[in-house]
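Have a look at the structure below, then the notes.
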Amino acid sequence: MGIRSALLPLLAAALLLTGCASAQTPAAEEPPPAVEQIAQLGIDTSDAKSIIEGLDTLAVTSRPSPDTLIASVRPNELVLQPGDVTLPIDDSDFYLSIAPYVTQTHPCDFHSLTTCLGELQNTPIELAVTDAETGEVVLSEITATADNGFVGIWLPRDGVFDVRIVGEQGVAEQRVTTGSEDPTCLTTMQLTA
């Protein structure tokens with residue numbers, strides 16, 4: 001009983017020291033300012049895919065100013081400024097943002113989620129994507145362009161696809177490729193009767 005009484009204070013001291021040691025954890029790393037700004041918009045910032053989808057469908061009036069945030073989709077990564085933040089895109093996915101048009105378009109290679117605007121905003125369309133090599137329909141849906149005039153789709157990487165858009169204004173068809181050097185922005189699909 002005497003040994004037991006003597007060990008209790010030592011055991012309590014050891015537990016107290018262990019508790020203090022485990023309480024000393026390194027401070028969490030602060031997110032880069034660009035990622036923090038995106039999170040403040042209510043967009044999930046857990047991965048590049050969530051950020052891309054969130055920014056591409058954001059109302060134009062809610063977009064951050066290009067002076068404070070630039071987000072560019074590259075074939076393999078999302079690039080955010082300020083801070084030169086790059087977030088990888090899954091190796092099997094390729095994001096293509098398409099802005100069909102009737103009379104007005106702009107040249108674009110890598111889609112800017114914070115500055116690009118297409119002519120046909122919030123416009124209903126039928127969108128179909130077919131694998132050019134197998135003939136398999138990869139995507140077929142009735143959808144609409146977002147407030148920025150674009151409709152974004154995820155395609156398998158390193159493929160060749162035929163894209164067809166049908167709208168009230170007409171039809172457009174174009175072949176696209178999804179390799180590591182290919183554009184992520186498609187602004188050359190003119191809807192014609």
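Every chain in the structure tokens takes a letter, A first, then B, and so on in the order presented; its residues are numbered from 1, and the ligands are numbered from 1 following the presented order.
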Just asking: which residues within chain A are alpha helix (DSSP H) according to DSSP, as a count of residues only? 39
Pull the closest atom pair for each residue of stretch 26-102 of chain A that gets at most 10 Å from stretch 127-148 of chain A, along with the distance in Å to one decimal, counting only C-alpha atoms, ordering rows by chain and then ascending residue number, as JSON lines.
{"residue": "A:Leu55", "atom": "CA", "partner": "A:Asn148", "partner_atom": "CA", "distance": 9.9}
{"residue": "A:Asp56", "atom": "CA", "partner": "A:Asn148", "partner_atom": "CA", "distance": 7.4}
{"residue": "A:Thr57", "atom": "CA", "partner": "A:Ala146", "partner_atom": "CA", "distance": 5.5}
{"residue": "A:Leu58", "atom": "CA", "partner": "A:Asp147", "partner_atom": "CA", "distance": 7.1}
{"residue": "A:Ala59", "atom": "CA", "partner": "A:Asp147", "partner_atom": "CA", "distance": 5.5}
{"residue": "A:Val60", "atom": "CA", "partner": "A:Asn148", "partner_atom": "CA", "distance": 6.0}
{"residue": "A:Thr61", "atom": "CA", "partner": "A:Asp147", "partner_atom": "CA", "distance": 9.1}
{"residue": "A:Arg63", "atom": "CA", "partner": "A:Asn148", "partner_atom": "CA", "distance": 9.9}
{"residue": "A:Ser97", "atom": "CA", "partner": "A:Thr145", "partner_atom": "CA", "distance": 9.8}
{"residue": "A:Ile98", "atom": "CA", "partner": "A:Thr145", "partner_atom": "CA", "distance": 8.5}
{"residue": "A:Ala99", "atom": "CA", "partner": "A:Thr145", "partner_atom": "CA", "distance": 7.6}
{"residue": "A:Pro100", "atom": "CA", "partner": "A:Thr145", "partner_atom": "CA", "distance": 8.5}
Keeping only N, CA and C atoms, write the selected residues to a file as a short mmCIF file (atom, residue, chain, number, x, y, z; two decimals), in the first residue's frame.
data_model
loop_
_atom_site.label_atom_id
_atom_site.label_comp_id
_atom_site.auth_asym_id
_atom_site.auth_seq_id
_atom_site.Cartn_x
_atom_site.Cartn_y
_atom_site.Cartn_z
N LEU A 55 -16.22 28.03 -59.46
CA LEU A 55 -15.97 29.32 -60.09
C LEU A 55 -16.63 29.42 -61.46
N ASP A 56 -16.67 28.33 -62.21
CA ASP A 56 -17.21 28.39 -63.57
C ASP A 56 -18.73 28.58 -63.58
N THR A 57 -19.39 28.22 -62.50
CA THR A 57 -20.85 28.38 -62.43
C THR A 57 -21.27 29.53 -61.53
N LEU A 58 -20.32 30.28 -61.03
CA LEU A 58 -20.60 31.43 -60.16
C LEU A 58 -21.27 32.54 -60.97
N ALA A 59 -22.23 33.22 -60.37
CA ALA A 59 -22.86 34.36 -61.02
C ALA A 59 -21.80 35.41 -61.34
N VAL A 60 -21.87 35.99 -62.52
CA VAL A 60 -20.87 36.96 -62.95
C VAL A 60 -20.78 38.12 -61.96
N THR A 61 -21.90 38.53 -61.41
CA THR A 61 -21.88 39.64 -60.45
C THR A 61 -21.20 39.28 -59.14
N ARG A 63 -18.42 37.34 -59.10
CA ARG A 63 -17.01 37.06 -59.39
C ARG A 63 -16.09 38.05 -58.69
N SER A 97 -14.22 23.91 -71.13
CA SER A 97 -15.30 24.87 -70.97
C SER A 97 -15.62 25.45 -72.35
N ILE A 98 -16.89 25.33 -72.73
CA ILE A 98 -17.34 25.65 -74.09
C ILE A 98 -18.28 26.85 -74.06
N ALA A 99 -18.00 27.83 -74.94
CA ALA A 99 -18.88 28.99 -75.08
C ALA A 99 -19.42 29.02 -76.50
N PRO A 100 -20.59 28.41 -76.73
CA PRO A 100 -21.17 28.51 -78.07
C PRO A 100 -21.54 29.98 -78.33
#
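Each of A:His111, A:His106, A:Lys49, A:Arg175 was checked against A:Arg74 using only C-alpha atoms; the smallest atom-to-atom distance is that of A:His111.
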Compile the contact shell of stretch 181-184 of chain A as a count of residues only: residues with an atom at most 9 Å away, counting only C-alpha atoms, same-chain residues fewer than 4 positions apart removed. 15
Can you pull out the residues contacting stretch 29-38 of chain A? Cut-off 12 Å, using only C-alpha atoms, and skip same-chain residues under 2 positions away; I want them as a PDB file with N, CA and C atoms, in the first residue's frame.
ATOM      1  N   THR A  25       1.304  21.169 -30.642  1.00  0.00           N
ATOM      2  CA  THR A  25       1.265  20.735 -32.036  1.00  0.00           C
ATOM      3  C   THR A  25       1.622  21.916 -32.918  1.00  0.00           C
ATOM      4  N   PRO A  26       2.226  21.653 -34.061  1.00  0.00           N
ATOM      5  CA  PRO A  26       2.587  22.763 -34.932  1.00  0.00           C
ATOM      6  C   PRO A  26       1.339  23.492 -35.430  1.00  0.00           C
ATOM      7  N   ALA A  27       1.477  24.775 -35.637  1.00  0.00           N
ATOM      8  CA  ALA A  27       0.349  25.575 -36.122  1.00  0.00           C
ATOM      9  C   ALA A  27      -0.028  25.133 -37.525  1.00  0.00           C
ATOM     10  N   GLN A  40     -14.205  32.070 -49.283  1.00  0.00           N
ATOM     11  CA  GLN A  40     -15.127  33.108 -48.824  1.00  0.00           C
ATOM     12  C   GLN A  40     -16.327  33.273 -49.755  1.00  0.00           C
ATOM     13  N   LEU A  41     -16.208  32.765 -50.986  1.00  0.00           N
ATOM     14  CA  LEU A  41     -17.324  32.796 -51.933  1.00  0.00           C
ATOM     15  C   LEU A  41     -18.296  31.641 -51.702  1.00  0.00           C
ATOM     16  N   GLY A  42     -17.956  30.775 -50.737  1.00  0.00           N
ATOM     17  CA  GLY A  42     -18.800  29.617 -50.446  1.00  0.00           C
ATOM     18  C   GLY A  42     -18.496  28.428 -51.335  1.00  0.00           C
ATOM     19  N   ILE A  43     -17.335  28.431 -51.969  1.00  0.00           N
ATOM     20  CA  ILE A  43     -16.936  27.354 -52.873  1.00  0.00           C
ATOM     21  C   ILE A  43     -16.039  26.364 -52.128  1.00  0.00           C
ATOM     22  N   ASP A  44     -16.293  25.086 -52.325  1.00  0.00           N
ATOM     23  CA  ASP A  44     -15.471  24.027 -51.738  1.00  0.00           C
ATOM     24  C   ASP A  44     -14.060  24.134 -52.314  1.00  0.00           C
ATOM     25  N   THR A  45     -13.054  24.229 -51.453  1.00  0.00           N
ATOM     26  CA  THR A  45     -11.663  24.366 -51.900  1.00  0.00           C
ATOM     27  C   THR A  45     -10.839  23.111 -51.616  1.00  0.00           C
ATOM     28  N   SER A  46     -11.511  21.972 -51.459  1.00  0.00           N
ATOM     29  CA  SER A  46     -10.788  20.752 -51.104  1.00  0.00           C
ATOM     30  C   SER A  46      -9.950  20.190 -52.246  1.00  0.00           C
ATOM     31  N   ASP A  47     -10.310  20.518 -53.502  1.00  0.00           N
ATOM     32  CA  ASP A  47      -9.512  20.043 -54.637  1.00  0.00           C
ATOM     33  C   ASP A  47      -9.753  20.942 -55.850  1.00  0.00           C
ATOM     34  N   ALA A  48      -8.934  20.763 -56.865  1.00  0.00           N
ATOM     35  CA  ALA A  48      -9.026  21.597 -58.074  1.00  0.00           C
ATOM     36  C   ALA A  48     -10.385  21.454 -58.745  1.00  0.00           C
ATOM     37  N   SER A  50     -13.382  20.839 -57.538  1.00  0.00           N
ATOM     38  CA  SER A  50     -14.431  21.590 -56.834  1.00  0.00           C
ATOM     39  C   SER A  50     -14.298  23.086 -57.081  1.00  0.00           C
ATOM     40  N   ILE A  51     -13.071  23.579 -57.074  1.00  0.00           N
ATOM     41  CA  ILE A  51     -12.847  25.014 -57.313  1.00  0.00           C
ATOM     42  C   ILE A  51     -13.245  25.373 -58.739  1.00  0.00           C
ATOM     43  N   ILE A  52     -12.827  24.547 -59.703  1.00  0.00           N
ATOM     44  CA  ILE A  52     -13.150  24.815 -61.108  1.00  0.00           C
ATOM     45  C   ILE A  52     -14.658  24.867 -61.311  1.00  0.00           C
ATOM     46  N   GLU A  53     -15.358  23.858 -60.842  1.00  0.00           N
ATOM     47  CA  GLU A  53     -16.815  23.813 -61.013  1.00  0.00           C
ATOM     48  C   GLU A  53     -17.494  24.976 -60.291  1.00  0.00           C
ATOM     49  N   GLY A  54     -17.020  25.309 -59.104  1.00  0.00           N
ATOM     50  CA  GLY A  54     -17.619  26.392 -58.332  1.00  0.00           C
ATOM     51  C   GLY A  54     -17.441  27.749 -58.996  1.00  0.00           C
ATOM     52  N   LEU A  55     -16.225  28.029 -59.458  1.00  0.00           N
ATOM     53  CA  LEU A  55     -15.972  29.322 -60.092  1.00  0.00           C
ATOM     54  C   LEU A  55     -16.633  29.424 -61.464  1.00  0.00           C
ATOM     55  N   ASP A  56     -16.666  28.330 -62.214  1.00  0.00           N
ATOM     56  CA  ASP A  56     -17.214  28.387 -63.570  1.00  0.00           C
ATOM     57  C   ASP A  56     -18.727  28.578 -63.581  1.00  0.00           C
ATOM     58  N   LEU A  58     -20.318  30.283 -61.029  1.00  0.00           N
ATOM     59  CA  LEU A  58     -20.597  31.426 -60.163  1.00  0.00           C
ATOM     60  C   LEU A  58     -21.268  32.540 -60.966  1.00  0.00           C
ATOM     61  N   SER A  62     -21.018  37.988 -58.879  1.00  0.00           N
ATOM     62  CA  SER A  62     -20.352  37.537 -57.656  1.00  0.00           C
ATOM     63  C   SER A  62     -18.863  37.259 -57.869  1.00  0.00           C
ATOM     64  N   ARG A  63     -18.418  37.337 -59.099  1.00  0.00           N
ATOM     65  CA  ARG A  63     -17.013  37.057 -59.394  1.00  0.00           C
ATOM     66  C   ARG A  63     -16.085  38.053 -58.694  1.00  0.00           C
ATOM     67  N   PRO A  64     -14.955  37.541 -58.211  1.00  0.00           N
ATOM     68  CA  PRO A  64     -13.956  38.465 -57.678  1.00  0.00           C
ATOM     69  C   PRO A  64     -13.344  39.275 -58.826  1.00  0.00           C
ATOM     70  N   SER A  65     -12.859  40.432 -58.514  1.00  0.00           N
ATOM     71  CA  SER A  65     -12.211  41.276 -59.514  1.00  0.00           C
ATOM     72  C   SER A  65     -10.925  40.602 -60.006  1.00  0.00           C
ATOM     73  N   PRO A  66     -10.600  40.718 -61.303  1.00  0.00           N
ATOM     74  CA  PRO A  66      -9.337  40.155 -61.800  1.00  0.00           C
ATOM     75  C   PRO A  66      -8.119  40.788 -61.123  1.00  0.00           C
ATOM     76  N   ASP A  67      -8.318  41.940 -60.488  1.00  0.00           N
ATOM     77  CA  ASP A  67      -7.222  42.563 -59.738  1.00  0.00           C
ATOM     78  C   ASP A  67      -6.895  41.776 -58.478  1.00  0.00           C
ATOM     79  N   THR A  68      -7.878  41.000 -57.994  1.00  0.00           N
ATOM     80  CA  THR A  68      -7.662  40.274 -56.740  1.00  0.00           C
ATOM     81  C   THR A  68      -7.567  38.759 -56.906  1.00  0.00           C
ATOM     82  N   LEU A  69      -8.101  38.216 -58.025  1.00  0.00           N
ATOM     83  CA  LEU A  69      -8.041  36.760 -58.225  1.00  0.00           C
ATOM     84  C   LEU A  69      -8.100  36.423 -59.711  1.00  0.00           C
ATOM     85  N   ILE A  70      -7.157  35.616 -60.146  1.00  0.00           N
ATOM     86  CA  ILE A  70      -7.164  35.039 -61.486  1.00  0.00           C
ATOM     87  C   ILE A  70      -7.084  33.525 -61.311  1.00  0.00           C
ATOM     88  N   ALA A  71      -7.973  32.807 -61.981  1.00  0.00           N
ATOM     89  CA  ALA A  71      -7.980  31.341 -61.922  1.00  0.00           C
ATOM     90  C   ALA A  71      -8.006  30.820 -63.352  1.00  0.00           C
ATOM     91  N   LEU A  78      -4.826  23.607 -62.120  1.00  0.00           N
ATOM     92  CA  LEU A  78      -5.510  24.878 -61.947  1.00  0.00           C
ATOM     93  C   LEU A  78      -4.478  25.851 -61.403  1.00  0.00           C
ATOM     94  N   VAL A  79      -4.336  27.006 -62.050  1.00  0.00           N
ATOM     95  CA  VAL A  79      -3.360  28.008 -61.622  1.00  0.00           C
ATOM     96  C   VAL A  79      -4.117  29.185 -61.019  1.00  0.00           C
ATOM     97  N   LEU A  80      -3.752  29.551 -59.799  1.00  0.00           N
ATOM     98  CA  LEU A  80      -4.396  30.645 -59.081  1.00  0.00           C
ATOM     99  C   LEU A  80      -3.393  31.754 -58.794  1.00  0.00           C
ATOM    100  N   GLN A  81      -3.852  32.993 -58.981  1.00  0.00           N
ATOM    101  CA  GLN A  81      -3.063  34.166 -58.628  1.00  0.00           C
ATOM    102  C   GLN A  81      -3.917  35.020 -57.714  1.00  0.00           C
ATOM    103  N   PRO A  82      -3.409  35.664 -56.702  1.00  0.00           N
ATOM    104  CA  PRO A  82      -1.998  35.814 -56.397  1.00  0.00           C
ATOM    105  C   PRO A  82      -1.414  34.579 -55.722  1.00  0.00           C
ATOM    106  N   GLY A  83      -0.115  34.529 -55.727  1.00  0.00           N
ATOM    107  CA  GLY A  83       0.600  33.493 -54.995  1.00  0.00           C
ATOM    108  C   GLY A  83       1.127  32.348 -55.826  1.00  0.00           C
ATOM    109  N   ASP A  84       0.893  32.346 -57.146  1.00  0.00           N
ATOM    110  CA  ASP A  84       1.377  31.244 -57.990  1.00  0.00           C
ATOM    111  C   ASP A  84       1.004  29.880 -57.419  1.00  0.00           C
ATOM    112  N   VAL A  85      -0.255  29.725 -57.052  1.00  0.00           N
ATOM    113  CA  VAL A  85      -0.739  28.458 -56.497  1.00  0.00           C
ATOM    114  C   VAL A  85      -1.134  27.555 -57.659  1.00  0.00           C
ATOM    115  N   THR A  86      -0.634  26.331 -57.671  1.00  0.00           N
ATOM    116  CA  THR A  86      -1.045  25.352 -58.677  1.00  0.00           C
ATOM    117  C   THR A  86      -1.630  24.139 -57.964  1.00  0.00           C
ATOM    118  N   LEU A  87      -2.799  23.732 -58.414  1.00  0.00           N
ATOM    119  CA  LEU A  87      -3.465  22.563 -57.857  1.00  0.00           C
ATOM    120  C   LEU A  87      -3.617  21.531 -58.966  1.00  0.00           C
ATOM    121  N   LEU A 113     -11.469  31.266 -65.296  1.00  0.00           N
ATOM    122  CA  LEU A 113     -12.700  31.131 -64.522  1.00  0.00           C
ATOM    123  C   LEU A 113     -13.173  32.456 -63.940  1.00  0.00           C
ATOM    124  N   THR A 114     -12.324  33.472 -63.994  1.00  0.00           N
ATOM    125  CA  THR A 114     -12.665  34.743 -63.375  1.00  0.00           C
ATOM    126  C   THR A 114     -12.802  35.888 -64.378  1.00  0.00           C
TER     127      THR A 114
END
